[in-house]
Amino acid sequence: MTFSRYVALGDSFTEGVGDPDPALPNGVRGWADRVAAVLDHDDFSYANLAIRGRKLLPIVAEQVEPALAMKPDLVTIYAGANDVLRPRVDIDGIVAALDVAIGRLTDAGARVVMFTAYDPGGSPIFGALRGRFAIYNELVRQVAERHGATLVDFWRLRDYRDDRMWDVDRMHMSAAGHQRMAVAVLDALGVAHGLVVPELGDRPQVSARERREANLEWARAHAGPWVKRRLTGTSSGDSLSPRWPTLSPVTGS
């Protein structure tokens, strides 16, 4: 399967946070860049409008119209997890907005790839939100079915039970996690590729004391600032622009 114009939409998941590369815009790479590199050919171009911290309604308001103007034949969109993590969220309302957006993209002729959110059941911090995420994911599956979109079911990717698939902030995928997601997206599209799922080997043994110390350091360095941003209404992406705002050759990324 060949695509010519690929536009990636969303938040930190699609921007590439957790997969550092100082040579690239915003200092990250991510699964979408990896997918674009596989899809690359002489007449191929790629844009990535995702910005970390964005909730679903701003993603729809700020990114869908510019994407449509690029006349893409492939669009990936991940949105909603930042909403579900908030103390209060209208899940039916945000998914209704997503439904309209997906309809516009598919009606324009794009192959659309959607994602469910990760299953937080094993997380001592976010596990309490598992039911909320399950409801959101089921509604996302319904939207994908309604519009004939391709679905990557993140919820069912058990590889991510391994902590090494996650960055030190425990909120974003690591480089290995982004590689795994690129494989999942290409497989869902039915595109032949040479990417491999990372082989991480056996998990290192961690003592109870080391685990407590790691949890305290995580709370200080990552959980605390995250909660502060939620309380103050700020976002880690407030000062950032899209990494690849216009369609351009992958060689430019």
# chains A, B, ... in the order shown; residues from 1 in each chain; ligands from 1
>>> closest_atom_pairs(of="region 72-126 of chain A", to="region 39-50 of chain A", cutoff="10 Å", atoms="only C-alpha atoms", output="Markdown table")
| residue | atom | partner | partner_atom | distance |
| --- | --- | --- | --- | --- |
| A:Pro72 | CA | A:Tyr46 | CA | 9.1 |
| A:Leu74 | CA | A:Tyr46 | CA | 9.5 |
| A:Val75 | CA | A:Ala47 | CA | 9.7 |
| A:Thr76 | CA | A:Asn48 | CA | 9.5 |
| A:Ile77 | CA | A:Ala50 | CA | 8.8 |
| A:Tyr78 | CA | A:Ala50 | CA | 9.0 |
| A:Ala79 | CA | A:Ala50 | CA | 9.6 |
>>> atom_distance(atom1="CA of Gly121 (chain A)", atom2="CA of Asp159 (chain A)")
13.7 Å
>>> closest_residue(among="A:Val250, A:Met181, A:Ala67, A:Leu56", to="Val7 (chain A)", atoms="only C-alpha atoms")
A:Ala67
>>> residues_around(residues="region 174-177 of chain A", least_positions_apart="5", cutoff="8 Å", atoms="only C-alpha atoms", output="JSON, numbers by chain")
{"A": [18, 19, 20, 30, 160, 164, 165, 166, 167, 168, 198]}
>>> write_last_selection(atoms="C-alpha atoms", output="PDB file, in the first residue's frame")
ATOM      1  CA  GLY A  18       9.712  10.195  25.407  1.00  0.00           C
ATOM      2  CA  ASP A  19      11.766   9.442  22.280  1.00  0.00           C
ATOM      3  CA  PRO A  20      14.483  12.115  22.481  1.00  0.00           C
ATOM      4  CA  GLY A  30       8.475   9.379  17.896  1.00  0.00           C
ATOM      5  CA  TYR A 160       3.342  -2.045  27.376  1.00  0.00           C
ATOM      6  CA  ARG A 164      10.815  -0.171  29.860  1.00  0.00           C
ATOM      7  CA  MET A 165       8.244   0.673  27.201  1.00  0.00           C
ATOM      8  CA  TRP A 166       7.674   3.906  29.133  1.00  0.00           C
ATOM      9  CA  ASP A 167       9.766   7.006  29.703  1.00  0.00           C
ATOM     10  CA  VAL A 168      11.003   7.868  33.194  1.00  0.00           C
ATOM     11  CA  PRO A 198      12.114  -4.254  20.622  1.00  0.00           C
TER      12      PRO A 198
END
